[in-house]
Structures are given as structure tokens and as C-alpha cells.
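Here is the structure we will look at.
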Amino acid sequence: MVSEGDLVHDSWLGAVGLDGARRPVGLLSALRESHTIRRFELPVHTMLPVVLRQLLLPVVIDALGAPRSRQEWAERFHRGCFSPDEQDRLAQYLEVRYGDRFRLFDAKRPFAQVAGLQALNGETKTAAQLVPSVASGNNVPLFSALSEADELLLTPGDAVLWLLHAQCWDTASIKTGAVGDPQAKNGKTTGNPTGPLGQFGVIVPTGRTLYETLLLNTPIRPDGLEPGDRPQWAWDERPAGLGCKSPAGAAWSERPATGLLDLLTFQARRIRLITCETEQGRRVHRAIVSAGDRLAQTPEVEPHTAWQHTAKPKKGQSHRRPRRHAPGRAAWQGLGTLLSMTLPLQSDGPYTSLLLRQIGDLQVTRVLAGGYPLGVETSGLE
């Protein structure tokens, strides 16, 4: 259980091994032992892309680099696990280089939060603000077991999952105005879009182990990452002059993603977790959720969505836009979208995700066996 919020070492992620045994792991152990982990046990299905995008993938890509060729991708994949050298580099990254950036309750730089964030009205809300299935304010789910009057106490492990879930999936509309946000008016901000994953239908390829899933979700980048592209915990390393607000402060901006790492760890909300001491240990019982960065548009480097091509778009619109899952329709009913690999340049039509196109190419070139048991997880919120 997480006590002080050290995400690197404390055991807060529920892992299921290849033998079916369940054990808690920290971030570093999850990566080192990824070849022995089949999946994670998570509170809701929509957390799988959250954990991959906001934590595991950007750590691996930033620490080890994205594969630059099919050969390099194949060498990593067929090895089946991180090499001793790669494990050392991951440990150096998480323990030395950025060890202080992965502490949930750090006083100066809490992970994925704004230290000392305050609402203009001086109020905080219950931790239910982070959990869309629990009644909170105007959000009253039909089958919620709790009312707004009930106190929700989140363990630190659950709190970090719901924190990152809010960065990806938070609902749209009015948010609490924060001290230090020049765009807040009358104690609030309006016009907030849903979190980035709410903008499209999420498609995540999965493998036989967590290690394979990580590789299947890693795009091959022949030219490497974009200059200045950094994950949210390394924002201060970005070149000056990009004109973007720091996610460590209350101010925000509408902007494009700098690159893949920025996109995966995009901070669509400014959040602060507030804790209390209980007989069971430290718990998160209150939170502030205010406006965060707004993604100008879903970029074509987005790996986890299928696309719709329009040969003659309206003025100001792109030829390509991400597809959404249709509410109430089973995933297999949209299977044609997932399997449509060829971009319809001269006509309107769908084509599949960047990662599934890459996997198809790897199978055609026999880097990946044709009979490989590929899984595909789709998720969305209505």
C-alpha cells in the first residue's frame, strides 16, 4: 500500500501474473517485471489507457528512446523483457533523474498536481469529484451507491489512479476557478472540453504480457521524438519560448501537443489532492479540480484512435479527424474501422489506428508472426 505516495517504490498497482497470482507492485517493479505480468487489476476499464499513457509508456520511451526501425522494434519484442542495461536505465531515470517527481504528496511538486492550488471561493470538494460514478455537484449517476453527503476516502493508490483518470477523462463544462488563473471569471471557468481521451474512441492493442503490450503501444519513430518534447514531470526542461503554461501552476492555455510525450501526459486539468489521517493511514478525502490545458486538436501522432478521412473537408477543417465509438454498439460491430488499413486518399472513409497499422506492417514483413494472439481493448465514456 502507498503510505507517503512514492509511486516508484511503494506497491500501489495491482498486478496479475502469468500464473494468475495477484500482487501489488510499484512503478519500477511493474516495468522490471513486465514480462511476468499479464495485466493490471484496475477499478474501471477506462483506466488501462490511463496507466499506459500517463505513466508506463512515457517513462519507457523517454528513458530508453522509441525504436527507430522495424529491426530495433523486433529485437526488443523478441527478447521478451527489458535487458539488464535497459533495467538499469529505467532505474536511473525513476530513482535518480526524476525520483522526486513521482511523489504523490510532495509539498513542492506533487505528481500530476499543482502544489498549494486554491479555489477562488476558498472551498474544496469531496474526493468524489475525481470519480465519475459517484454523485458530486451536478453529476448524479443513476446507480451511484454514494450521495454527495457521504465522505469518500481514497487510499493513495486509488487516488493516483483517479487523479490520472481525471486528467484523461474528466467531464466538460464549468470548473472551479483557481487562484492564479487569469482566465477565471466569477469564481469559475467555462467552456472546458472533456479530457483528451473523451475526444475520440480509444483503441489499445494488448499482448500476452505487459512487456509485449508496452512494445505494441510504442510507435516506431525513424526520426526520433520532436525537439523539445517532454513528459509533464520534465516540463522545466522544455526550451524557452514555446509559449506554453507550466502544468505546475494554475494558469493554462489552449495549445497543440509538442510531441508524443507531451500528448501522452497532457495535463487537461489543474488538480490538488487533499489528505487526512485515519486509523487506516493517510487518505485522500478532498480535492480541487480546475481548468487545465486545452488540446487544440487531436494530432496525427495520436496512437490510440481510428480515423475518418474526408476528401473535401469544409473550410478550416482537417482532412482527418478521430473517430468515436458509437454508444450502445458492440465493438465488433465497428470491426471494419479497425481492419481498414489503407488511407482512402481520394474518397471519404475510415482507416485504423497508427498502432494497428504498424502491427499490420510488422506482420506483412514477418517481424511479428501472423498467428500472434493480438488483443484489442476499446474504451469510452458517455
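By order of appearance in the C-alpha cells: chains A, B, ..., then residues from 1 within every chain, and ligands from 1 in the order shown.
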task: Could you give me, as a PyMOL selection string, each residue of stretch 45-279 of chain A that DSSP assigns to helix (DSSP H, G or I) when run on this structure's backbone?
output: chain A and resi 47-64+70-79+84-97+99-101+127-130+156-169+196-199+210-216+232-237+260-264
query: Leaving out A:Arg22 and any residue of its chain fewer than 2 positions from it, which residues lie within 12 Å of it when counting only C-alpha atoms, given as a PyMOL selection string?
result: chain A and resi 13-20+24-25+36-41
Each residue of stretch 218-292 of chain A lying at most 8 Å from stretch 167-175 of chain A should get a row with its shortest atom-to-atom pair and the distance in Å to one decimal, counting only C-alpha atoms; could you produce that, ordered by chain and increasing number, as a Markdown table?
| residue | atom | partner | partner_atom | distance |
| --- | --- | --- | --- | --- |
| A:Phe266 | CA | A:Gln167 | CA | 7.5 |
| A:Gln267 | CA | A:Gln167 | CA | 5.8 |
| A:Ala268 | CA | A:Gln167 | CA | 5.4 |
| A:Arg269 | CA | A:Gln167 | CA | 5.7 |
| A:Val289 | CA | A:Lys175 | CA | 6.9 |
| A:Ser290 | CA | A:Lys175 | CA | 5.1 |
| A:Ala291 | CA | A:Lys175 | CA | 5.9 |
Limited to all heavy atoms, could you put the picked residues into a file as a short mmCIF file (atom, residue, chain, number, x, y, z; two decimals), in the first residue's frame?
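The resulting again33.cif:
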data_model
loop_
_atom_site.label_atom_id
_atom_site.label_comp_id
_atom_site.auth_asym_id
_atom_site.auth_seq_id
_atom_site.Cartn_x
_atom_site.Cartn_y
_atom_site.Cartn_z
N PHE A 266 -0.56 14.74 -21.26
CA PHE A 266 -1.21 16.05 -21.34
C PHE A 266 -1.99 16.33 -20.06
O PHE A 266 -2.76 15.49 -19.59
CB PHE A 266 -2.14 16.09 -22.54
CG PHE A 266 -2.47 17.48 -23.02
CD1 PHE A 266 -1.59 18.18 -23.82
CD2 PHE A 266 -3.66 18.08 -22.65
CE1 PHE A 266 -1.89 19.46 -24.27
CE2 PHE A 266 -3.96 19.36 -23.09
CZ PHE A 266 -3.07 20.06 -23.90
N GLN A 267 -1.80 17.52 -19.50
CA GLN A 267 -2.44 17.90 -18.25
C GLN A 267 -3.67 18.76 -18.55
O GLN A 267 -3.61 19.99 -18.58
CB GLN A 267 -1.45 18.64 -17.35
CG GLN A 267 -0.24 17.80 -16.97
CD GLN A 267 -0.58 16.64 -16.06
OE1 GLN A 267 -0.75 16.80 -14.85
NE2 GLN A 267 -0.68 15.44 -16.62
N ALA A 268 -4.80 18.10 -18.75
CA ALA A 268 -6.03 18.77 -19.14
C ALA A 268 -6.74 19.41 -17.95
O ALA A 268 -7.74 20.12 -18.14
CB ALA A 268 -6.98 17.78 -19.82
N ARG A 269 -6.26 19.17 -16.75
CA ARG A 269 -6.82 19.78 -15.55
C ARG A 269 -5.69 20.19 -14.62
O ARG A 269 -4.59 19.63 -14.66
CB ARG A 269 -7.77 18.80 -14.82
CG ARG A 269 -8.98 18.36 -15.63
CD ARG A 269 -9.95 19.50 -15.87
NE ARG A 269 -11.14 19.05 -16.61
CZ ARG A 269 -11.30 19.18 -17.92
NH1 ARG A 269 -10.33 19.72 -18.66
NH2 ARG A 269 -12.41 18.77 -18.50
N VAL A 289 -10.40 20.53 -8.47
CA VAL A 289 -10.23 20.25 -9.90
C VAL A 289 -10.59 21.52 -10.66
O VAL A 289 -11.75 21.95 -10.65
CB VAL A 289 -11.13 19.08 -10.36
CG1 VAL A 289 -10.94 18.84 -11.85
CG2 VAL A 289 -10.81 17.82 -9.57
N SER A 290 -9.61 22.13 -11.29
CA SER A 290 -9.85 23.36 -12.03
C SER A 290 -9.40 23.20 -13.48
O SER A 290 -8.89 22.14 -13.88
CB SER A 290 -9.12 24.53 -11.37
OG SER A 290 -7.72 24.32 -11.36
N ALA A 291 -9.57 24.25 -14.26
CA ALA A 291 -9.28 24.18 -15.70
C ALA A 291 -7.80 23.89 -15.95
O ALA A 291 -6.93 24.35 -15.21
CB ALA A 291 -9.66 25.49 -16.37
#
task: May I have the residues within 7 Å of stretch 240-253 of chain A as a VMD selection string, using only C-alpha atoms and disregarding those fewer than 4 positions away in the same chain?
output: chain A and resid 113 to 114 117 178 to 182 235 267 270 292 to 294
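Looking only at stretch 57-244 of chain A, the set that DSSP places in strand (DSSP E) from backbone geometry is Lys125, Thr126, Ser173, Ile174, Lys175, Thr176, Lys188, Thr189, Thr190, Gly191, Asn192, Val202, Ile203, Val204, Pro205 and Thr206 of chain A.
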Output file for the residues above (all heavy atoms, as an mmCIF file, in the first residue's frame):
data_model
loop_
_atom_site.group_PDB
_atom_site.id
_atom_site.type_symbol
_atom_site.label_atom_id
_atom_site.label_comp_id
_atom_site.auth_asym_id
_atom_site.auth_seq_id
_atom_site.Cartn_x
_atom_site.Cartn_y
_atom_site.Cartn_z
ATOM 1 N N LYS A 125 -13.748 20.318 -2.608
ATOM 2 C CA LYS A 125 -14.855 19.383 -2.819
ATOM 3 C C LYS A 125 -14.432 17.990 -2.383
ATOM 4 O O LYS A 125 -13.255 17.700 -2.201
ATOM 5 C CB LYS A 125 -15.280 19.388 -4.293
ATOM 6 C CG LYS A 125 -15.843 20.730 -4.738
ATOM 7 C CD LYS A 125 -16.400 20.674 -6.148
ATOM 8 C CE LYS A 125 -17.012 22.016 -6.538
ATOM 9 N NZ LYS A 125 -17.591 21.995 -7.908
ATOM 10 N N THR A 126 -15.401 17.109 -2.231
ATOM 11 C CA THR A 126 -15.090 15.751 -1.811
ATOM 12 C C THR A 126 -14.278 15.040 -2.891
ATOM 13 O O THR A 126 -14.276 15.437 -4.057
ATOM 14 C CB THR A 126 -16.370 14.946 -1.541
ATOM 15 O OG1 THR A 126 -17.011 14.655 -2.787
ATOM 16 C CG2 THR A 126 -17.321 15.707 -0.633
ATOM 17 N N SER A 173 -17.459 21.324 -19.357
ATOM 18 C CA SER A 173 -18.243 22.414 -18.797
ATOM 19 C C SER A 173 -17.544 23.137 -17.654
ATOM 20 O O SER A 173 -16.331 23.253 -17.630
ATOM 21 C CB SER A 173 -19.627 21.903 -18.369
ATOM 22 O OG SER A 173 -20.495 22.997 -18.122
ATOM 23 N N ILE A 174 -18.313 23.605 -16.666
ATOM 24 C CA ILE A 174 -17.816 24.527 -15.643
ATOM 25 C C ILE A 174 -16.845 23.830 -14.697
ATOM 26 O O ILE A 174 -17.094 22.715 -14.239
ATOM 27 C CB ILE A 174 -18.992 25.111 -14.848
ATOM 28 C CG1 ILE A 174 -19.887 25.929 -15.770
ATOM 29 C CG2 ILE A 174 -18.488 25.974 -13.695
ATOM 30 C CD1 ILE A 174 -21.171 26.402 -15.108
ATOM 31 N N LYS A 175 -15.726 24.529 -14.406
ATOM 32 C CA LYS A 175 -14.745 24.050 -13.433
ATOM 33 C C LYS A 175 -14.484 25.155 -12.406
ATOM 34 O O LYS A 175 -14.671 26.348 -12.679
ATOM 35 C CB LYS A 175 -13.424 23.669 -14.118
ATOM 36 C CG LYS A 175 -13.571 22.539 -15.128
ATOM 37 C CD LYS A 175 -14.046 21.257 -14.482
ATOM 38 C CE LYS A 175 -14.458 20.240 -15.543
ATOM 39 N NZ LYS A 175 -15.108 19.044 -14.946
ATOM 40 N N THR A 176 -14.024 24.743 -11.249
ATOM 41 C CA THR A 176 -13.694 25.679 -10.183
ATOM 42 C C THR A 176 -12.612 26.650 -10.638
ATOM 43 O O THR A 176 -11.590 26.237 -11.193
ATOM 44 C CB THR A 176 -13.206 24.911 -8.945
ATOM 45 O OG1 THR A 176 -14.255 24.054 -8.483
ATOM 46 C CG2 THR A 176 -12.795 25.863 -7.834
ATOM 47 N N LYS A 188 -15.065 30.847 -11.510
ATOM 48 C CA LYS A 188 -15.145 29.607 -12.277
ATOM 49 C C LYS A 188 -14.560 29.822 -13.669
ATOM 50 O O LYS A 188 -14.274 30.938 -14.093
ATOM 51 C CB LYS A 188 -16.597 29.144 -12.387
ATOM 52 C CG LYS A 188 -17.500 30.171 -13.075
ATOM 53 C CD LYS A 188 -18.968 29.773 -13.012
ATOM 54 C CE LYS A 188 -19.838 30.843 -13.668
ATOM 55 N NZ LYS A 188 -21.289 30.477 -13.575
ATOM 56 N N THR A 189 -14.373 28.726 -14.403
ATOM 57 C CA THR A 189 -14.048 28.775 -15.824
ATOM 58 C C THR A 189 -15.115 27.986 -16.572
ATOM 59 O O THR A 189 -15.605 26.967 -16.092
ATOM 60 C CB THR A 189 -12.664 28.174 -16.143
ATOM 61 O OG1 THR A 189 -12.642 26.797 -15.733
ATOM 62 C CG2 THR A 189 -11.562 28.929 -15.428
ATOM 63 N N THR A 190 -15.464 28.466 -17.753
ATOM 64 C CA THR A 190 -16.471 27.798 -18.572
ATOM 65 C C THR A 190 -15.853 27.371 -19.893
ATOM 66 O O THR A 190 -14.750 27.768 -20.241
ATOM 67 C CB THR A 190 -17.657 28.742 -18.843
ATOM 68 O OG1 THR A 190 -17.166 29.920 -19.501
ATOM 69 C CG2 THR A 190 -18.346 29.133 -17.546
ATOM 70 N N GLY A 191 -16.590 26.546 -20.629
ATOM 71 C CA GLY A 191 -16.119 26.114 -21.940
ATOM 72 C C GLY A 191 -15.057 25.038 -21.900
ATOM 73 O O GLY A 191 -14.417 24.761 -22.919
ATOM 74 N N ASN A 192 -14.857 24.426 -20.749
ATOM 75 C CA ASN A 192 -13.849 23.373 -20.659
ATOM 76 C C ASN A 192 -14.286 22.141 -21.441
ATOM 77 O O ASN A 192 -15.400 21.646 -21.253
ATOM 78 C CB ASN A 192 -13.632 22.976 -19.196
ATOM 79 C CG ASN A 192 -13.132 24.128 -18.346
ATOM 80 O OD1 ASN A 192 -11.959 24.453 -18.364
ATOM 81 N ND2 ASN A 192 -14.040 24.761 -17.605
ATOM 82 N N VAL A 202 -11.172 5.214 -27.913
ATOM 83 C CA VAL A 202 -9.846 4.725 -27.552
ATOM 84 C C VAL A 202 -9.667 3.267 -27.992
ATOM 85 O O VAL A 202 -10.538 2.423 -27.760
ATOM 86 C CB VAL A 202 -9.617 4.842 -26.030
ATOM 87 C CG1 VAL A 202 -8.256 4.280 -25.639
ATOM 88 C CG2 VAL A 202 -9.735 6.303 -25.591
ATOM 89 N N ILE A 203 -8.532 2.987 -28.628
ATOM 90 C CA ILE A 203 -8.195 1.649 -29.111
ATOM 91 C C ILE A 203 -6.784 1.318 -28.638
ATOM 92 O O ILE A 203 -5.835 2.015 -28.985
ATOM 93 C CB ILE A 203 -8.249 1.571 -30.647
ATOM 94 C CG1 ILE A 203 -9.649 1.933 -31.153
ATOM 95 C CG2 ILE A 203 -7.842 0.186 -31.143
ATOM 96 C CD1 ILE A 203 -9.710 2.141 -32.658
ATOM 97 N N VAL A 204 -6.648 0.267 -27.832
ATOM 98 C CA VAL A 204 -5.354 -0.099 -27.256
ATOM 99 C C VAL A 204 -5.026 -1.544 -27.611
ATOM 100 O O VAL A 204 -5.725 -2.465 -27.155
ATOM 101 C CB VAL A 204 -5.362 0.071 -25.722
ATOM 102 C CG1 VAL A 204 -4.050 -0.400 -25.117
ATOM 103 C CG2 VAL A 204 -5.622 1.521 -25.341
ATOM 104 N N PRO A 205 -3.978 -1.802 -28.395
ATOM 105 C CA PRO A 205 -3.562 -3.190 -28.636
ATOM 106 C C PRO A 205 -2.907 -3.777 -27.392
ATOM 107 O O PRO A 205 -2.207 -3.069 -26.649
ATOM 108 C CB PRO A 205 -2.551 -3.060 -29.779
ATOM 109 C CG PRO A 205 -2.053 -1.659 -29.706
ATOM 110 C CD PRO A 205 -3.171 -0.834 -29.147
ATOM 111 N N THR A 206 -3.143 -5.053 -27.136
ATOM 112 C CA THR A 206 -2.572 -5.714 -25.960
ATOM 113 C C THR A 206 -1.897 -7.019 -26.371
ATOM 114 O O THR A 206 -2.319 -7.672 -27.334
ATOM 115 C CB THR A 206 -3.647 -5.999 -24.899
ATOM 116 O OG1 THR A 206 -4.665 -6.838 -25.462
ATOM 117 C CG2 THR A 206 -4.283 -4.709 -24.409
#
message: I'd like the contact shell of A:Gly336 - 9 Å cut-off, only C-alpha atoms, skipping same-chain residues fewer than 6 positions apart - returned as an MDAnalysis selection string.
response: chainID A and resid 350:352
message: I want to know what sits within 7 Å of stretch 82-97 of chain A, based on only C-alpha atoms, with residues of the same chain fewer than 3 positions away left out; could you give that as a ChimeraX atom specification?
response: /A:8,28,32,63-64
- request: Considering only C-alpha atoms, return as a ChimeraX atom specification whatever protein or nucleic-acid residues lie within 10 Å of stretch 102-109 of chain A, sequence-local ones (same chain, fewer than 2 positions apart) excluded.
  value: /A:2-9,27,55,94-95,98-100,111-116,156-157,159-160,163,233,248,272-275
task: Pick out the closest residue to A:Pro322 from this set: A:Ala369, A:Leu197, A:Leu261, A:Leu120. Count only C-alpha atoms.
output: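 Of A:Ala369, A:Leu197, A:Leu261, A:Leu120, the one nearest A:Pro322, counting only C-alpha atoms, is A:Leu197.
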- request: Provide the atom CA of A:His165 to atom CA of A:Pro110 distance in Å, to one decimal place.
  value: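 That distance, rounded to one decimal, is 16.1 Å.
Between A:Ser69 and the residues A:Leu210, A:Ile220, A:Ala331, A:Leu48, the shortest atom-to-atom distance, using only C-alpha atoms, involves A:Ile220.
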Find the nearest atom pair between each residue of stretch 35-63 of chain A and stretch 371-382 of chain A for residues within 9 Å, count only C-alpha atoms, give distances in Å to one decimal, sort rows by chain and ascending number, and present the table as JSON lines.
{"residue": "A:His45", "atom": "CA", "partner": "A:Ser379", "partner_atom": "CA", "distance": 7.2}
{"residue": "A:Thr46", "atom": "CA", "partner": "A:Ser379", "partner_atom": "CA", "distance": 5.8}
{"residue": "A:Leu48", "atom": "CA", "partner": "A:Glu377", "partner_atom": "CA", "distance": 8.7}
{"residue": "A:Pro49", "atom": "CA", "partner": "A:Ser379", "partner_atom": "CA", "distance": 8.4}
message: Can you pull out the residues contacting A:Gly201? Cut-off 6 Å, using only C-alpha atoms, and skip same-chain residues under 2 positions away; I want them as a count of residues only.
response: 5
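Each of A:Leu152, A:Leu52, A:Cys81, A:Leu295 was checked against A:Ala127 using only C-alpha atoms; the smallest atom-to-atom distance is that of A:Leu152.
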task: Would you please work out which residue, of A:Glu75, A:Asp158, A:Glu300, A:Asp62, is nearest to A:Arg282 when using only C-alpha atoms?
output: A:Asp158
